[in-house]
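Asks: Contents of entry-v8.cif (mmCIF, C-alpha atoms and all ligand atoms):
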```cif
data_start
#
loop_
_atom_site.label_atom_id
_atom_site.label_comp_id
_atom_site.auth_asym_id
_atom_site.auth_seq_id
_atom_site.Cartn_x
_atom_site.Cartn_y
_atom_site.Cartn_z
CA MET A 1 154.07 120.34 123.05
CA ALA A 2 151.47 117.71 122.25
CA LYS A 3 147.94 118.87 121.50
CA ILE A 4 145.01 117.06 123.09
CA LEU A 5 141.46 117.28 121.81
CA ILE A 6 138.78 116.66 124.46
CA ILE A 7 135.37 115.71 123.09
CA GLU A 8 133.03 115.66 126.07
CA ASP A 9 129.61 117.18 126.65
CA GLU A 10 129.97 117.70 130.42
CA LEU A 11 131.42 121.17 130.60
CA GLU A 12 132.67 120.73 134.18
CA LEU A 13 134.59 117.63 133.19
CA VAL A 14 136.13 119.44 130.22
CA LYS A 15 137.28 122.24 132.54
CA VAL A 16 138.89 119.86 135.02
CA LEU A 17 140.61 117.79 132.34
CA ARG A 18 141.78 120.91 130.55
CA SER A 19 143.37 122.35 133.65
CA TYR A 20 145.16 119.11 134.57
CA LEU A 21 146.37 118.55 131.03
CA GLU A 22 147.56 122.13 130.66
CA ASN A 23 149.40 121.86 133.97
CA ALA A 24 151.09 118.75 132.58
CA GLY A 25 152.34 120.81 129.63
CA PHE A 26 149.81 119.86 126.96
CA SER A 27 147.93 122.26 124.76
CA VAL A 28 144.21 121.56 124.85
CA VAL A 29 141.30 122.11 122.48
CA SER A 30 137.80 120.89 123.21
CA ALA A 31 134.38 120.26 121.72
CA LEU A 32 131.07 119.56 123.43
CA ARG A 33 129.50 117.47 120.66
CA GLY A 34 130.53 114.48 118.56
CA ASP A 35 130.05 116.20 115.22
CA THR A 36 131.84 119.40 116.20
CA GLY A 37 134.49 117.21 117.84
CA LEU A 38 135.12 115.41 114.58
CA ALA A 39 135.39 118.74 112.78
CA ALA A 40 137.85 119.91 115.45
CA TRP A 41 139.88 116.74 114.93
CA GLN A 42 140.12 117.60 111.23
CA ASN A 43 140.97 121.24 111.77
CA GLU A 44 143.26 120.96 114.76
CA ALA A 45 145.14 117.74 113.93
CA PRO A 46 145.55 116.83 117.62
CA ASP A 47 148.16 114.33 118.80
CA LEU A 48 145.57 112.51 120.89
CA VAL A 49 141.80 112.53 121.35
CA LEU A 50 140.06 112.11 124.70
CA LEU A 51 136.62 111.01 123.68
CA ASP A 52 133.41 110.62 125.65
CA LEU A 53 131.14 107.82 124.45
CA SER A 54 127.70 109.31 124.90
CA LEU A 55 127.65 112.60 123.07
CA PRO A 56 125.10 114.69 121.22
CA GLY A 57 125.54 114.96 117.47
CA LEU A 58 127.61 111.83 116.90
CA ASP A 59 128.37 109.34 119.65
CA GLY A 60 131.90 108.36 120.56
CA ILE A 61 131.74 105.11 118.61
CA GLU A 62 130.79 106.94 115.42
CA VAL A 63 133.53 109.48 116.00
CA THR A 64 136.10 106.72 116.53
CA LYS A 65 135.00 104.96 113.34
CA ALA A 66 135.22 108.19 111.37
CA ILE A 67 138.72 108.96 112.65
CA ARG A 68 139.93 105.40 112.07
CA LYS A 69 138.85 105.49 108.44
CA THR A 70 141.76 107.76 107.67
CA ALA A 71 144.04 108.14 110.66
CA ALA A 72 145.77 106.40 113.55
CA THR A 73 145.40 109.36 115.93
CA PRO A 74 145.56 107.87 119.44
CA ILE A 75 142.14 107.81 121.08
CA ILE A 76 141.34 107.36 124.76
CA ILE A 77 137.67 106.68 125.42
CA ILE A 78 135.96 108.17 128.45
CA THR A 79 132.99 106.08 129.41
CA ALA A 80 130.54 105.39 132.19
CA ARG A 81 129.52 102.18 130.47
CA VAL A 82 132.00 99.61 131.67
CA GLU A 83 130.47 96.85 129.58
CA ASP A 84 131.38 98.62 126.35
CA THR A 85 135.09 98.91 126.98
CA ASP A 86 136.26 95.59 125.50
CA ARG A 87 134.48 96.23 122.29
CA ILE A 88 135.68 99.80 122.03
CA VAL A 89 139.31 99.27 122.82
CA GLY A 90 139.52 95.97 120.96
CA LEU A 91 140.30 95.63 117.33
CA GLU A 92 136.74 96.30 116.37
CA LEU A 93 136.96 100.03 116.87
CA GLY A 94 140.60 100.62 117.46
CA ALA A 95 140.62 103.04 120.36
CA ASP A 96 143.91 102.89 122.24
CA ASP A 97 142.76 102.94 125.84
CA TYR A 98 139.83 103.89 128.02
CA VAL A 99 139.03 105.40 131.39
CA THR A 100 135.78 104.79 133.20
CA LYS A 101 133.83 107.48 134.99
CA PRO A 102 134.28 108.49 137.70
CA PHE A 103 138.03 108.87 137.20
CA SER A 104 140.79 110.90 138.72
CA PRO A 105 142.15 113.58 136.38
CA ARG A 106 145.65 112.53 137.43
CA GLU A 107 144.97 109.06 136.08
CA VAL A 108 143.76 110.51 132.79
CA VAL A 109 146.94 112.54 132.44
CA ALA A 110 149.01 109.40 133.14
CA ARG A 111 147.07 107.47 130.49
CA VAL A 112 147.49 110.26 127.99
CA LYS A 113 151.25 110.26 128.52
CA ALA A 114 151.45 106.46 128.27
CA VAL A 115 149.41 106.28 125.08
CA LEU A 116 151.40 109.10 123.47
CA ARG A 117 154.64 107.34 124.36
CA ARG A 118 153.41 104.11 122.82
CA ALA A 119 152.15 105.88 119.72
CA GLN A 120 155.45 107.57 119.05
CA PRO A 121 157.91 105.74 116.84
CA VAL A 122 161.04 104.96 118.83
CA GLU A 123 163.35 106.99 116.60
CA GLU A 124 161.27 110.10 117.15
CA LEU A 125 161.55 109.91 120.91
CA THR A 126 165.12 111.09 120.82
CA LYS A 127 165.39 114.13 118.60
CA LYS A 128 168.81 115.07 119.79
CA ILE A 129 171.42 112.86 121.36
CA ILE A 130 174.23 114.55 123.22
CA ILE A 131 176.94 112.12 124.10
CA LYS A 132 180.59 112.80 124.91
CA ASP A 133 181.46 115.77 122.71
CA LEU A 134 178.97 114.75 120.01
CA GLU A 135 175.63 116.31 119.22
CA ILE A 136 173.49 114.09 116.99
CA ASP A 137 170.36 115.80 115.72
CA ALA A 138 167.78 113.39 114.31
CA GLU A 139 165.67 116.16 112.83
CA SER A 140 168.31 117.84 110.74
CA TYR A 141 170.54 114.77 110.26
CA LYS A 142 173.46 116.86 111.45
CA VAL A 143 176.26 115.81 113.72
CA LYS A 144 178.60 118.14 115.53
CA LYS A 145 181.78 117.20 117.28
CA ALA A 146 182.86 119.74 119.89
CA GLY A 147 180.57 122.21 118.13
CA GLU A 148 182.11 121.60 114.69
CA PRO A 149 179.80 120.08 112.05
CA LEU A 150 180.77 116.73 110.54
CA GLU A 151 179.83 115.77 106.99
CA LEU A 152 178.24 112.36 107.31
CA THR A 153 176.34 110.39 104.72
CA ARG A 154 172.79 109.30 105.57
CA MET A 155 174.09 105.80 106.11
CA GLU A 156 176.89 106.89 108.43
CA PHE A 157 174.47 109.10 110.30
CA ALA A 158 171.98 106.28 110.83
CA ILE A 159 174.65 103.88 112.03
CA LEU A 160 176.07 106.40 114.48
CA GLN A 161 172.63 107.40 115.72
CA THR A 162 171.55 103.80 116.26
CA MET A 163 174.60 103.00 118.33
CA ALA A 164 174.69 106.28 120.26
CA GLU A 165 171.09 105.77 121.39
CA HIS A 166 172.24 102.69 123.30
CA PRO A 167 175.84 103.19 124.42
CA GLY A 168 177.55 99.95 125.29
CA LYS A 169 175.06 97.81 123.43
CA VAL A 170 176.70 95.70 120.75
CA PHE A 171 174.91 95.72 117.40
CA SER A 172 175.46 93.05 114.78
CA ARG A 173 176.26 94.23 111.26
CA LEU A 174 172.87 93.01 110.15
CA GLN A 175 171.14 95.03 112.88
CA LEU A 176 173.03 98.17 111.89
CA LEU A 177 172.23 97.60 108.23
CA GLU A 178 168.57 97.18 109.08
CA ALA A 179 168.53 100.27 111.27
CA ALA A 180 170.17 102.32 108.56
CA GLN A 181 168.24 101.07 105.55
CA GLY A 182 165.00 99.77 107.03
CA VAL A 183 165.74 96.42 105.41
CA ALA A 184 168.79 94.24 105.50
CA TYR A 185 169.90 91.36 103.35
CA GLU A 186 172.23 88.71 104.59
CA GLY A 187 175.45 88.72 102.67
CA TYR A 188 175.66 92.50 102.65
CA GLU A 189 176.61 92.86 106.31
CA ARG A 190 180.22 93.56 105.46
CA THR A 191 179.26 96.83 103.78
CA ILE A 192 178.85 98.10 107.33
CA ASP A 193 182.59 97.75 107.86
CA ALA A 194 183.29 100.31 105.16
CA HIS A 195 180.79 102.76 106.68
CA ILE A 196 182.30 102.25 110.14
CA LYS A 197 185.76 102.89 108.72
CA ASN A 198 184.60 106.16 107.17
CA LEU A 199 182.73 107.12 110.34
CA ARG A 200 185.84 106.53 112.42
CA SER A 201 187.91 108.62 110.09
CA LYS A 202 185.41 111.49 110.22
CA LEU A 203 185.14 111.24 114.00
CA GLY A 204 188.91 111.09 114.33
CA ASP A 205 188.52 107.75 116.04
CA LYS A 206 191.10 104.98 116.10
CA ALA A 207 190.07 101.35 115.74
CA ASP A 208 192.71 100.13 118.17
CA ARG A 209 192.07 102.80 120.82
CA PRO A 210 188.54 104.01 120.15
CA ASN A 211 186.83 106.84 121.90
CA TYR A 212 183.50 106.35 120.09
CA ILE A 213 183.09 103.16 118.13
CA GLU A 214 184.24 99.88 119.57
CA THR A 215 184.62 96.65 117.64
CA SER A 216 183.37 93.46 119.21
CA PHE A 217 185.20 90.84 117.22
CA GLY A 218 182.93 88.27 115.68
CA ILE A 219 179.84 90.21 116.79
CA GLY A 220 179.66 93.79 115.59
CA TYR A 221 180.03 97.31 116.89
CA SER A 222 178.97 99.47 119.79
CA PHE A 223 179.18 103.06 120.92
CA LYS A 224 181.82 103.16 123.62
CA GLU A 225 180.54 103.87 127.10
CA ASP A 226 182.62 106.05 129.39
CA CA B 1 128.45 112.35 127.85
#
```
Kindly return the structure encoded in the file as structure tokens.
Replies:
Amino acid sequence: MAKILIIEDELELVKVLRSYLENAGFSVVSALRGDTGLAAWQNEAPDLVLLDLSLPGLDGIEVTKAIRKTAATPIIIITARVEDTDRIVGLELGADDYVTKPFSPREVVARVKAVLRRAQPVEELTKKIIIKDLEIDAESYKVKKAGEPLELTRMEFAILQTMAEHPGKVFSRLQLLEAAQGVAYEGYERTIDAHIKNLRSKLGDKADRPNYIETSFGIGYSFKED
């Protein structure tokens, strides 16, 4: 459950936003001033900050600057001052999005979800992939086949995970190498073949009649779609 920090001095607005966000499954903390809001950001480590611009204590611009000094926490600015938005959301301050008052709480919830989705690294979106009789858990780096754990190396795990996230999509060896190692050097692509061979053996898969990993000759490999 993602935690949202609302920094807004209009108590009624805080109440409305809180109830909509909680209904959408978020946990919510709030502060009515910029300075206490910044302290709450430090203490609560929220996943996203909904930040009013004109606030007592510290204004929203100061709060954004303070947060951006050390963190990339997504920030959505709430403002009545339309003319400020370009400056705020642009590179200068680094807020992620804005909503202008008056707004519909529904729209705010939609923006919160969109910004959180964007902020999340792709590989973290899918913590667990369940495909065919495989269970691939990105948090524990464990794979089970029909409930039985398989002993995969990090490399084999990363290759399998990458392909299983997009069944049917053919990955080049270089793409798989890059997904598994973060970097890839041309000339080393063929090392993938050895990992695939080991993966197949551990999965009990056959290269000529695969159930999991298909070879696309001259291109690379894919996770077999049903
Ligand atoms: Ca205000």
Asks: Point out the residue among A:Glu44, A:Asp59, A:Glu225, A:Glu107 with the least atom-to-atom distance to ligand CA 1 (chain B), counting only C-alpha atoms and all ligand atoms.
Replies: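 Selected residue with least distance to ligand CA 1 (chain B): A:Asp59.
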Asks: I'd like to know which of A:Pro149, A:Pro74, A:Gly25, A:Gly187 is closest to Leu174 in chain A, using all atoms listed in the file.
Replies: A:Gly187
Asks: Return as a PyMOL selection string every polymer residue, whether protein, DNA or RNA, with at least one atom no more than 6 Å from an atom of ligand CA 1 (chain B); count all atoms listed in the file.
Replies: chain A and resi 8-9+52+54-55
Asks: Measuring between all atoms listed in the file, which one of A:Arg33, A:Arg81, A:Lys3, A:Lys65 shows the shortest distance to Pro46 in chain A?
Replies: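 With all atoms listed in the file as the atom set, the closest residue is A:Lys3.
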Asks: Pick out the residues sitting within 6 Å of Phe171 in chain A, and hand them over as a ChimeraX atom specification; count only C-alpha atoms, and ignore anything fewer than 2 positions along from it in its own chain.
Replies: /A:175,220-221
Asks: Could the residues in this selection be written to a file with C-alpha atoms, as a CSV table (one decimal), in the frame of the given file?
Replies:
```csv
chain,number,residue,atom,x,y,z
A,175,GLN,CA,171.1,95.0,112.9
A,220,GLY,CA,179.7,93.8,115.6
A,221,TYR,CA,180.0,97.3,116.9
```
Asks: Calculate how many Å separate CA of Gly57 in chain A from CA of Phe103 in chain A, rounding to one decimal.
Replies: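 Interatomic distance here is 24.1 Å.
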Asks: Taking only C-alpha atoms into account, name the residue in A:Gln42, A:Asp47, A:Lys132, A:Ile159 that is nearest to Gly147 in chain A.
Replies: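 Comparing A:Gln42, A:Asp47, A:Lys132, A:Ile159 against Gly147 in chain A, the winner is A:Lys132.
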Asks: Can you put all heavy atoms back into range 10-21 of chain A and show it as a compact mmCIF listing (two decimals), in the coordinates of the input?
Replies:
```
# COMPACT_ATOMS: atom_id res chain seq x y z
N GLU A 10 130.09 117.15 129.06
CA GLU A 10 129.97 117.70 130.42
C GLU A 10 131.02 118.79 130.59
O GLU A 10 132.21 118.50 130.74
CB GLU A 10 130.18 116.61 131.46
CG GLU A 10 129.01 115.64 131.56
CD GLU A 10 129.34 114.49 132.50
OE1 GLU A 10 129.72 114.75 133.66
OE2 GLU A 10 129.25 113.34 132.07
N LEU A 11 130.53 120.02 130.58
CA LEU A 11 131.42 121.17 130.60
C LEU A 11 132.37 121.16 131.81
O LEU A 11 133.55 121.49 131.69
CB LEU A 11 130.60 122.46 130.58
CG LEU A 11 131.37 123.75 130.31
CD1 LEU A 11 132.18 123.65 129.02
CD2 LEU A 11 130.41 124.93 130.25
N GLU A 12 131.83 120.75 132.97
CA GLU A 12 132.67 120.73 134.18
C GLU A 12 133.85 119.77 134.02
O GLU A 12 134.97 120.06 134.44
CB GLU A 12 131.83 120.34 135.41
CG GLU A 12 131.01 121.48 135.98
CD GLU A 12 131.86 122.74 136.21
OE1 GLU A 12 132.89 122.65 136.89
OE2 GLU A 12 131.47 123.81 135.69
N LEU A 13 133.55 118.64 133.42
CA LEU A 13 134.59 117.63 133.19
C LEU A 13 135.65 118.16 132.22
O LEU A 13 136.85 117.95 132.42
CB LEU A 13 133.92 116.37 132.61
CG LEU A 13 134.49 115.02 133.00
CD1 LEU A 13 134.72 114.93 134.49
CD2 LEU A 13 133.54 113.92 132.54
N VAL A 14 135.20 118.85 131.19
CA VAL A 14 136.13 119.44 130.22
C VAL A 14 137.06 120.42 130.94
O VAL A 14 138.28 120.40 130.74
CB VAL A 14 135.37 120.18 129.10
CG1 VAL A 14 136.35 120.91 128.17
CG2 VAL A 14 134.51 119.21 128.30
N LYS A 15 136.47 121.24 131.82
CA LYS A 15 137.28 122.24 132.54
C LYS A 15 138.35 121.58 133.39
O LYS A 15 139.51 122.01 133.41
CB LYS A 15 136.38 123.10 133.43
CG LYS A 15 135.61 124.17 132.66
CD LYS A 15 134.86 125.04 133.66
CE LYS A 15 133.88 125.96 132.96
NZ LYS A 15 132.88 126.50 133.89
N VAL A 16 137.94 120.54 134.13
CA VAL A 16 138.89 119.86 135.02
C VAL A 16 140.00 119.20 134.21
O VAL A 16 141.19 119.36 134.50
CB VAL A 16 138.15 118.80 135.88
CG1 VAL A 16 139.17 117.94 136.63
CG2 VAL A 16 137.20 119.47 136.85
N LEU A 17 139.60 118.48 133.16
CA LEU A 17 140.61 117.79 132.34
C LEU A 17 141.55 118.79 131.69
O LEU A 17 142.76 118.60 131.65
CB LEU A 17 139.91 116.95 131.25
CG LEU A 17 139.25 115.67 131.74
CD1 LEU A 17 138.46 115.02 130.60
CD2 LEU A 17 140.29 114.68 132.28
N ARG A 18 140.97 119.88 131.20
CA ARG A 18 141.78 120.91 130.55
C ARG A 18 142.84 121.44 131.51
O ARG A 18 144.01 121.54 131.18
CB ARG A 18 140.89 122.06 130.06
CG ARG A 18 141.67 123.24 129.51
CD ARG A 18 140.75 124.40 129.17
NE ARG A 18 139.99 124.18 127.95
CZ ARG A 18 140.47 124.45 126.73
NH1 ARG A 18 141.69 124.95 126.58
NH2 ARG A 18 139.73 124.25 125.67
N SER A 19 142.42 121.74 132.73
CA SER A 19 143.37 122.35 133.65
C SER A 19 144.48 121.36 134.04
O SER A 19 145.65 121.72 134.09
CB SER A 19 142.66 122.94 134.87
OG SER A 19 142.69 122.06 135.95
N TYR A 20 144.13 120.10 134.24
CA TYR A 20 145.16 119.11 134.57
C TYR A 20 146.11 118.89 133.40
O TYR A 20 147.33 118.79 133.57
CB TYR A 20 144.52 117.77 134.98
CG TYR A 20 144.24 117.69 136.46
CD1 TYR A 20 143.11 118.29 137.00
CD2 TYR A 20 145.11 117.01 137.32
CE1 TYR A 20 142.84 118.23 138.35
CE2 TYR A 20 144.85 116.94 138.68
CZ TYR A 20 143.72 117.55 139.20
OH TYR A 20 143.47 117.48 140.54
N LEU A 21 145.54 118.81 132.21
CA LEU A 21 146.37 118.55 131.03
C LEU A 21 147.28 119.75 130.74
O LEU A 21 148.46 119.58 130.40
CB LEU A 21 145.50 118.24 129.81
CG LEU A 21 144.85 116.85 129.82
CD1 LEU A 21 143.74 116.76 128.79
CD2 LEU A 21 145.89 115.76 129.57
```
